[in-house]
Amino acid sequence: MEWRHKDLISLEGWTREELHFFLEQADYMDELMNRPIKKVPALRGKMVVNCFFENSTRTRVSFELAEKMLSADVVNWSASGSSTSKGETLRDTVWTLEAMGADAVVVRHGAVGVPDYLSKKLHRASVFNAGDGTNGHPTQALLDLHSARKKLGDLDGAKMAMIGDVLHSRVARSDIQAFRKMGVSVTLSGPATLMPEDTASLGVEYVSDAREAARGADILYFLRIQRERQEDGLIPSIDEYHRRWGATDSLVALASPKAAVMHPGPMNRGVEIASSVADGPNSVILGQVRSGVAVRMALLYLCLGGAR
Ligand code: CP
């Protein structure tokens, strides 16, 4: 397949065939990670700048590892200590990085739309969205597809229960889009106060009772709950949230016996997920982390012309 994407801002324009092709590339990168020497020269001479305006462990480290395994030159730019403190705009900042030879900019930002804006302003460099506000986190969706497929095989016809704070979750938005494209039906559950109004337009159904969502599910996806949601009055007490919507052994027992338990991290153990589930036999949470490296390698390889 001829790869036609230069940037990754959202998965909206990706076809199911492209997702399949992409995941096969990620499988190859996953194999490469098992080799004693985990480095190939595919992106030698390319420069990638990681711009994280928000904190991150998984996304930042896995992008950096992926870049290094493909032999790209890596620059970790950070807002603190940069000339943004002197009033330099975001546009001038990325133009400066591009003028120095950046071939790609990986950006995480608290404001919705920043990666899209940068992709329109940059002249040559690729832009990869590493999470923008509550809008999207497309590489998380790709790694989630990759790790779910590793556990379950073909996802067409699978059932996913996504439980938690959908309203504030960029992961939820990207995952719903990606899993539906692969033929997965998605049922949301969680407090009604943490659901978007437009669940029907997202092509998903909502049930308040997490047990109803979990019954027979192939994938149980738990979203992070931020404690400040309780202060905002959006959830009952943390204990009640855990009892009603948390990942407990009794909730997991309602799902398919081979169900994949997923969480994007970072986890609040004892809030949205019990440790016995996070570390239990159905959990693929560390597999998701590993897939993060393979998937970001595949993305860089395809979009920066490694395949050519
Ligand atoms: N899942 C995720 O984006 O984690 P980080 O915030 O640690 O990157």
# chains A, B, ... in the order shown; residues from 1 in each chain; ligands from 1

call {"tool": "select_by_dssp", "arguments": {"residues": "stretch 98-130 of chain A", "states": "helix (DSSP H, G or I)", "output": "count of residues only"}}
result
10

call {"tool": "select_by_dssp", "arguments": {"residues": "stretch 111-200 of chain A", "states": "strand (DSSP E)", "output": "number ranges by chain"}}
result
A: 126-132, 159-163, 185-189

call {"tool": "closest_atom_pairs", "arguments": {"of": "chain A", "to": "ligand 1", "cutoff": "6 Å", "atoms": "only C-alpha atoms and all ligand atoms", "output": "JSON lines"}}
result
{"residue": "A:Ser56", "atom": "CA", "partner": "ligand 1", "partner_atom_place_in_ligand_line": "8 (O)", "distance": 3.8}
{"residue": "A:Thr57", "atom": "CA", "partner": "ligand 1", "partner_atom_place_in_ligand_line": "7 (O)", "distance": 3.6}
{"residue": "A:Arg58", "atom": "CA", "partner": "ligand 1", "partner_atom_place_in_ligand_line": "7 (O)", "distance": 4.0}
{"residue": "A:Thr59", "atom": "CA", "partner": "ligand 1", "partner_atom_place_in_ligand_line": "8 (O)", "distance": 3.7}
{"residue": "A:Arg60", "atom": "CA", "partner": "ligand 1", "partner_atom_place_in_ligand_line": "8 (O)", "distance": 5.9}
{"residue": "A:Pro264", "atom": "CA", "partner": "ligand 1", "partner_atom_place_in_ligand_line": "1 (N)", "distance": 4.4}
{"residue": "A:Gly265", "atom": "CA", "partner": "ligand 1", "partner_atom_place_in_ligand_line": "1 (N)", "distance": 4.7}
{"residue": "A:Pro266", "atom": "CA", "partner": "ligand 1", "partner_atom_place_in_ligand_line": "4 (O)", "distance": 5.8}

call {"tool": "residues_around", "arguments": {"residues": "A:Leu43", "least_positions_apart": "5", "cutoff": "12 Å", "atoms": "only C-alpha atoms", "output": "PDB file with all heavy atoms, in the first residue's frame"}}
result
ATOM      1  N   VAL A  48      13.701  14.665  14.701  1.00  0.00           N
ATOM      2  CA  VAL A  48      12.362  14.745  15.292  1.00  0.00           C
ATOM      3  C   VAL A  48      12.447  15.562  16.577  1.00  0.00           C
ATOM      4  O   VAL A  48      13.323  15.325  17.415  1.00  0.00           O
ATOM      5  CB  VAL A  48      11.798  13.336  15.611  1.00  0.00           C
ATOM      6  CG1 VAL A  48      10.368  13.441  16.132  1.00  0.00           C
ATOM      7  CG2 VAL A  48      11.849  12.430  14.381  1.00  0.00           C
ATOM      8  N   ALA A  66      11.031   5.207  20.254  1.00  0.00           N
ATOM      9  CA  ALA A  66      10.737   4.845  18.859  1.00  0.00           C
ATOM     10  C   ALA A  66      11.668   5.606  17.911  1.00  0.00           C
ATOM     11  O   ALA A  66      12.228   5.034  16.973  1.00  0.00           O
ATOM     12  CB  ALA A  66       9.273   5.153  18.545  1.00  0.00           C
ATOM     13  N   GLU A  67      11.849   6.895  18.185  1.00  0.00           N
ATOM     14  CA  GLU A  67      12.728   7.713  17.323  1.00  0.00           C
ATOM     15  C   GLU A  67      14.159   7.175  17.368  1.00  0.00           C
ATOM     16  O   GLU A  67      14.818   7.037  16.330  1.00  0.00           O
ATOM     17  CB  GLU A  67      12.679   9.174  17.811  1.00  0.00           C
ATOM     18  CG  GLU A  67      11.330   9.828  17.559  1.00  0.00           C
ATOM     19  CD  GLU A  67      10.960  10.898  18.597  1.00  0.00           C
ATOM     20  OE1 GLU A  67      11.834  11.291  19.400  1.00  0.00           O
ATOM     21  OE2 GLU A  67       9.797  11.334  18.596  1.00  0.00           O
ATOM     22  N   LYS A  68      14.606   6.837  18.571  1.00  0.00           N
ATOM     23  CA  LYS A  68      16.000   6.367  18.717  1.00  0.00           C
ATOM     24  C   LYS A  68      16.181   4.984  18.092  1.00  0.00           C
ATOM     25  O   LYS A  68      17.208   4.702  17.486  1.00  0.00           O
ATOM     26  CB  LYS A  68      16.396   6.363  20.193  1.00  0.00           C
ATOM     27  CG  LYS A  68      16.583   7.789  20.707  1.00  0.00           C
ATOM     28  CD  LYS A  68      16.993   7.850  22.149  1.00  0.00           C
ATOM     29  CE  LYS A  68      17.394   9.282  22.506  1.00  0.00           C
ATOM     30  NZ  LYS A  68      17.524   9.492  23.951  1.00  0.00           N
ATOM     31  N   MET A  69      15.191   4.109  18.231  1.00  0.00           N
ATOM     32  CA  MET A  69      15.312   2.764  17.633  1.00  0.00           C
ATOM     33  C   MET A  69      15.357   2.844  16.117  1.00  0.00           C
ATOM     34  O   MET A  69      15.908   1.955  15.475  1.00  0.00           O
ATOM     35  CB  MET A  69      14.142   1.900  18.068  1.00  0.00           C
ATOM     36  CG  MET A  69      14.271   1.398  19.485  1.00  0.00           C
ATOM     37  SD  MET A  69      12.729   0.610  19.867  1.00  0.00           S
ATOM     38  CE  MET A  69      13.044  -0.240  21.273  1.00  0.00           C
ATOM     39  N   LEU A  70      14.762   3.895  15.556  1.00  0.00           N
ATOM     40  CA  LEU A  70      14.805   4.061  14.093  1.00  0.00           C
ATOM     41  C   LEU A  70      15.986   4.944  13.665  1.00  0.00           C
ATOM     42  O   LEU A  70      16.083   5.336  12.503  1.00  0.00           O
ATOM     43  CB  LEU A  70      13.486   4.669  13.592  1.00  0.00           C
ATOM     44  CG  LEU A  70      12.239   3.783  13.778  1.00  0.00           C
ATOM     45  CD1 LEU A  70      10.973   4.552  13.421  1.00  0.00           C
ATOM     46  CD2 LEU A  70      12.329   2.524  12.926  1.00  0.00           C
ATOM     47  N   SER A  71      16.839   5.296  14.626  1.00  0.00           N
ATOM     48  CA  SER A  71      18.077   6.053  14.369  1.00  0.00           C
ATOM     49  C   SER A  71      17.852   7.507  13.959  1.00  0.00           C
ATOM     50  O   SER A  71      18.716   8.119  13.318  1.00  0.00           O
ATOM     51  CB  SER A  71      18.944   5.370  13.296  1.00  0.00           C
ATOM     52  OG  SER A  71      19.214   4.051  13.649  1.00  0.00           O
ATOM     53  N   ALA A  72      16.689   8.064  14.299  1.00  0.00           N
ATOM     54  CA  ALA A  72      16.483   9.502  14.051  1.00  0.00           C
ATOM     55  C   ALA A  72      17.276  10.310  15.080  1.00  0.00           C
ATOM     56  O   ALA A  72      17.616   9.803  16.159  1.00  0.00           O
ATOM     57  CB  ALA A  72      14.999   9.840  14.158  1.00  0.00           C
ATOM     58  N   ASP A  73      17.577  11.568  14.737  1.00  0.00           N
ATOM     59  CA  ASP A  73      18.155  12.483  15.732  1.00  0.00           C
ATOM     60  C   ASP A  73      16.990  13.072  16.524  1.00  0.00           C
ATOM     61  O   ASP A  73      15.982  13.483  15.942  1.00  0.00           O
ATOM     62  CB  ASP A  73      18.940  13.600  15.037  1.00  0.00           C
ATOM     63  CG  ASP A  73      20.158  13.037  14.318  1.00  0.00           C
ATOM     64  OD1 ASP A  73      20.841  12.191  14.918  1.00  0.00           O
ATOM     65  OD2 ASP A  73      20.386  13.403  13.152  1.00  0.00           O
ATOM     66  N   VAL A  74      17.129  13.109  17.846  1.00  0.00           N
ATOM     67  CA  VAL A  74      16.002  13.457  18.715  1.00  0.00           C
ATOM     68  C   VAL A  74      16.320  14.722  19.509  1.00  0.00           C
ATOM     69  O   VAL A  74      17.392  14.821  20.106  1.00  0.00           O
ATOM     70  CB  VAL A  74      15.706  12.307  19.711  1.00  0.00           C
ATOM     71  CG1 VAL A  74      14.540  12.659  20.618  1.00  0.00           C
ATOM     72  CG2 VAL A  74      15.442  11.010  18.956  1.00  0.00           C
ATOM     73  N   ASP A 103      12.379  17.509  10.867  1.00  0.00           N
ATOM     74  CA  ASP A 103      11.545  16.818   9.879  1.00  0.00           C
ATOM     75  C   ASP A 103      10.180  16.470  10.454  1.00  0.00           C
ATOM     76  O   ASP A 103       9.253  16.179   9.697  1.00  0.00           O
ATOM     77  CB  ASP A 103      12.236  15.521   9.424  1.00  0.00           C
ATOM     78  CG  ASP A 103      13.544  15.816   8.715  1.00  0.00           C
ATOM     79  OD1 ASP A 103      13.481  16.365   7.610  1.00  0.00           O
ATOM     80  OD2 ASP A 103      14.617  15.531   9.286  1.00  0.00           O
ATOM     81  N   ALA A 104      10.089  16.460  11.777  1.00  0.00           N
ATOM     82  CA  ALA A 104       8.805  16.143  12.420  1.00  0.00           C
ATOM     83  C   ALA A 104       8.741  16.795  13.784  1.00  0.00           C
ATOM     84  O   ALA A 104       9.765  16.962  14.454  1.00  0.00           O
ATOM     85  CB  ALA A 104       8.637  14.631  12.573  1.00  0.00           C
ATOM     86  N   MET A 297       6.819   3.689  16.410  1.00  0.00           N
ATOM     87  CA  MET A 297       7.861   3.377  15.404  1.00  0.00           C
ATOM     88  C   MET A 297       7.216   3.272  14.018  1.00  0.00           C
ATOM     89  O   MET A 297       7.722   3.818  13.037  1.00  0.00           O
ATOM     90  CB  MET A 297       8.553   2.051  15.741  1.00  0.00           C
ATOM     91  CG  MET A 297       9.513   2.141  16.901  1.00  0.00           C
ATOM     92  SD  MET A 297      10.151   0.520  17.369  1.00  0.00           S
ATOM     93  CE  MET A 297      11.445   0.310  16.149  1.00  0.00           C
ATOM     94  N   ALA A 298       6.099   2.541  13.954  1.00  0.00           N
ATOM     95  CA  ALA A 298       5.423   2.367  12.658  1.00  0.00           C
ATOM     96  C   ALA A 298       4.981   3.713  12.099  1.00  0.00           C
ATOM     97  O   ALA A 298       5.117   3.982  10.896  1.00  0.00           O
ATOM     98  CB  ALA A 298       4.227   1.429  12.822  1.00  0.00           C
ATOM     99  N   LEU A 299       4.483   4.575  12.960  1.00  0.00           N
ATOM    100  CA  LEU A 299       4.007   5.891  12.516  1.00  0.00           C
ATOM    101  C   LEU A 299       5.147   6.727  11.933  1.00  0.00           C
ATOM    102  O   LEU A 299       5.043   7.302  10.844  1.00  0.00           O
ATOM    103  CB  LEU A 299       3.365   6.618  13.706  1.00  0.00           C
ATOM    104  CG  LEU A 299       2.776   7.983  13.406  1.00  0.00           C
ATOM    105  CD1 LEU A 299       1.522   7.853  12.559  1.00  0.00           C
ATOM    106  CD2 LEU A 299       2.450   8.740  14.693  1.00  0.00           C
ATOM    107  N   LEU A 300       6.246   6.790  12.682  1.00  0.00           N
ATOM    108  CA  LEU A 300       7.397   7.580  12.222  1.00  0.00           C
ATOM    109  C   LEU A 300       7.949   7.000  10.922  1.00  0.00           C
ATOM    110  O   LEU A 300       8.266   7.727   9.979  1.00  0.00           O
ATOM    111  CB  LEU A 300       8.491   7.567  13.292  1.00  0.00           C
ATOM    112  CG  LEU A 300       8.154   8.314  14.593  1.00  0.00           C
ATOM    113  CD1 LEU A 300       8.995   7.792  15.743  1.00  0.00           C
ATOM    114  CD2 LEU A 300       8.363   9.812  14.404  1.00  0.00           C
ATOM    115  N   TYR A 301       8.034   5.683  10.887  1.00  0.00           N
ATOM    116  CA  TYR A 301       8.593   4.992   9.718  1.00  0.00           C
ATOM    117  C   TYR A 301       7.756   5.293   8.466  1.00  0.00           C
ATOM    118  O   TYR A 301       8.293   5.661   7.421  1.00  0.00           O
ATOM    119  CB  TYR A 301       8.619   3.495  10.023  1.00  0.00           C
ATOM    120  CG  TYR A 301       9.089   2.622   8.912  1.00  0.00           C
ATOM    121  CD1 TYR A 301      10.438   2.551   8.572  1.00  0.00           C
ATOM    122  CD2 TYR A 301       8.194   1.832   8.189  1.00  0.00           C
ATOM    123  CE1 TYR A 301      10.879   1.729   7.548  1.00  0.00           C
ATOM    124  CE2 TYR A 301       8.628   1.013   7.166  1.00  0.00           C
ATOM    125  CZ  TYR A 301       9.972   0.963   6.844  1.00  0.00           C
ATOM    126  OH  TYR A 301      10.399   0.157   5.823  1.00  0.00           O
ATOM    127  N   LEU A 302       6.458   5.162   8.602  1.00  0.00           N
ATOM    128  CA  LEU A 302       5.593   5.359   7.423  1.00  0.00           C
ATOM    129  C   LEU A 302       5.516   6.825   7.002  1.00  0.00           C
ATOM    130  O   LEU A 302       5.615   7.152   5.833  1.00  0.00           O
ATOM    131  CB  LEU A 302       4.184   4.825   7.699  1.00  0.00           C
ATOM    132  CG  LEU A 302       4.060   3.302   7.785  1.00  0.00           C
ATOM    133  CD1 LEU A 302       2.689   2.903   8.310  1.00  0.00           C
ATOM    134  CD2 LEU A 302       4.301   2.660   6.417  1.00  0.00           C
ATOM    135  N   CYS A 303       5.334   7.710   7.998  1.00  0.00           N
ATOM    136  CA  CYS A 303       5.091   9.125   7.645  1.00  0.00           C
ATOM    137  C   CYS A 303       6.363   9.875   7.276  1.00  0.00           C
ATOM    138  O   CYS A 303       6.313  10.870   6.567  1.00  0.00           O
ATOM    139  CB  CYS A 303       4.389   9.840   8.797  1.00  0.00           C
ATOM    140  SG  CYS A 303       2.754   9.180   9.117  1.00  0.00           S
ATOM    141  N   LEU A 304       7.508   9.406   7.770  1.00  0.00           N
ATOM    142  CA  LEU A 304       8.771  10.105   7.438  1.00  0.00           C
ATOM    143  C   LEU A 304       9.509   9.434   6.299  1.00  0.00           C
ATOM    144  O   LEU A 304      10.694   9.699   6.070  1.00  0.00           O
ATOM    145  CB  LEU A 304       9.667  10.208   8.670  1.00  0.00           C
ATOM    146  CG  LEU A 304       9.116  11.081   9.805  1.00  0.00           C
ATOM    147  CD1 LEU A 304      10.129  11.221  10.917  1.00  0.00           C
ATOM    148  CD2 LEU A 304       8.733  12.457   9.295  1.00  0.00           C
ATOM    149  N   GLY A 305       8.822   8.528   5.631  1.00  0.00           N
ATOM    150  CA  GLY A 305       9.407   7.990   4.412  1.00  0.00           C
ATOM    151  C   GLY A 305      10.413   6.890   4.627  1.00  0.00           C
ATOM    152  O   GLY A 305      11.175   6.570   3.721  1.00  0.00           O
ATOM    153  N   GLY A 306      10.410   6.257   5.828  1.00  0.00           N
ATOM    154  CA  GLY A 306      11.326   5.142   6.066  1.00  0.00           C
ATOM    155  C   GLY A 306      11.074   4.021   5.074  1.00  0.00           C
ATOM    156  O   GLY A 306      12.010   3.338   4.644  1.00  0.00           O
ATOM    157  N   ALA A 307       9.806   3.849   4.684  1.00  0.00           N
ATOM    158  CA  ALA A 307       9.445   2.763   3.766  1.00  0.00           C
ATOM    159  C   ALA A 307      10.054   2.990   2.386  1.00  0.00           C
ATOM    160  O   ALA A 307      10.262   2.045   1.627  1.00  0.00           O
ATOM    161  CB  ALA A 307       7.930   2.666   3.656  1.00  0.00           C
ATOM    162  N   ARG A 308      10.336   4.258   2.062  1.00  0.00           N
ATOM    163  CA  ARG A 308      10.921   4.537   0.742  1.00  0.00           C
ATOM    164  C   ARG A 308      12.421   4.416   0.797  1.00  0.00           C
ATOM    165  O   ARG A 308      13.113   4.628  -0.100  1.00  0.00           O
ATOM    166  CB  ARG A 308      10.525   5.946   0.283  1.00  0.00           C
ATOM    167  CG  ARG A 308       9.046   6.041  -0.073  1.00  0.00           C
ATOM    168  CD  ARG A 308       8.759   7.318  -0.848  1.00  0.00           C
ATOM    169  NE  ARG A 308       8.859   8.504  -0.006  1.00  0.00           N
ATOM    170  CZ  ARG A 308       7.904   8.945   0.783  1.00  0.00           C
ATOM    171  NH1 ARG A 308       6.770   8.312   0.868  1.00  0.00           N
ATOM    172  NH2 ARG A 308       8.064  10.025   1.507  1.00  0.00           N
TER     173      ARG A 308
END

call {"tool": "residues_around", "arguments": {"residues": "A:Ser208", "least_positions_apart": "5", "cutoff": "9 Å", "atoms": "only C-alpha atoms", "output": "PDB file with N, CA, C and O atoms, in the first residue's frame"}}
result
ATOM      1  N   LEU A 188     -20.873   2.644  26.316  1.00  0.00           N
ATOM      2  CA  LEU A 188     -20.276   3.482  27.362  1.00  0.00           C
ATOM      3  C   LEU A 188     -21.019   3.281  28.667  1.00  0.00           C
ATOM      4  O   LEU A 188     -22.228   3.048  28.671  1.00  0.00           O
ATOM      5  N   SER A 189     -20.276   3.425  29.772  1.00  0.00           N
ATOM      6  CA  SER A 189     -20.930   3.442  31.081  1.00  0.00           C
ATOM      7  C   SER A 189     -20.140   4.357  32.014  1.00  0.00           C
ATOM      8  O   SER A 189     -18.935   4.556  31.826  1.00  0.00           O
ATOM      9  N   GLY A 190     -20.834   4.856  33.020  1.00  0.00           N
ATOM     10  CA  GLY A 190     -20.215   5.778  33.974  1.00  0.00           C
ATOM     11  C   GLY A 190     -21.307   6.714  34.457  1.00  0.00           C
ATOM     12  O   GLY A 190     -22.456   6.646  33.987  1.00  0.00           O
ATOM     13  N   PRO A 191     -20.978   7.614  35.376  1.00  0.00           N
ATOM     14  CA  PRO A 191     -21.986   8.581  35.825  1.00  0.00           C
ATOM     15  C   PRO A 191     -22.475   9.419  34.646  1.00  0.00           C
ATOM     16  O   PRO A 191     -21.660   9.811  33.793  1.00  0.00           O
ATOM     17  N   ALA A 192     -23.752   9.684  34.597  1.00  0.00           N
ATOM     18  CA  ALA A 192     -24.317  10.466  33.475  1.00  0.00           C
ATOM     19  C   ALA A 192     -23.648  11.835  33.372  1.00  0.00           C
ATOM     20  O   ALA A 192     -23.535  12.400  32.286  1.00  0.00           O
ATOM     21  N   ALA A 213     -23.083  -3.059  30.811  1.00  0.00           N
ATOM     22  CA  ALA A 213     -22.095  -2.800  29.746  1.00  0.00           C
ATOM     23  C   ALA A 213     -21.066  -3.926  29.682  1.00  0.00           C
ATOM     24  O   ALA A 213     -20.621  -4.328  28.604  1.00  0.00           O
TER      25      ALA A 213
END

call {"tool": "closest_residue", "arguments": {"among": "A:Leu23, A:Leu142, A:Met1, A:Leu194", "to": "A:Ile176", "atoms": "only C-alpha atoms"}}
result
A:Leu142

call {"tool": "closest_residue", "arguments": {"among": "A:Gly233, A:Leu152, A:Gly164, A:Arg180", "to": "A:Lys258", "atoms": "only C-alpha atoms"}}
result
A:Leu152

call {"tool": "residues_around", "arguments": {"residues": "A:His123", "least_positions_apart": "6", "cutoff": "12 Å", "atoms": "only C-alpha atoms", "output": "number ranges by chain"}}
result
A: 6, 91, 94-99, 101-105

call {"tool": "closest_residue", "arguments": {"among": "A:Leu32, A:Leu122, A:Ile238, A:Cys51", "to": "A:Gly110", "atoms": "only C-alpha atoms"}}
result
A:Cys51

call {"tool": "closest_residue", "arguments": {"among": "A:Ile163, A:Val184, A:Val293, A:Ala130", "to": "A:Arg224", "atoms": "only C-alpha atoms"}}
result
A:Ile163

call {"tool": "residues_around", "arguments": {"residues": "A:Met160", "least_positions_apart": "4", "cutoff": "6 Å", "atoms": "only C-alpha atoms", "output": "JSON, numbers by chain"}}
result
{"A": [186, 217, 218, 219, 220]}

call {"tool": "residues_around", "arguments": {"residues": "A:Leu286", "least_positions_apart": "5", "cutoff": "10 Å", "atoms": "only C-alpha atoms", "output": "PyMOL selection string"}}
result
chain A and resi 147+262-265+278-279+291-292
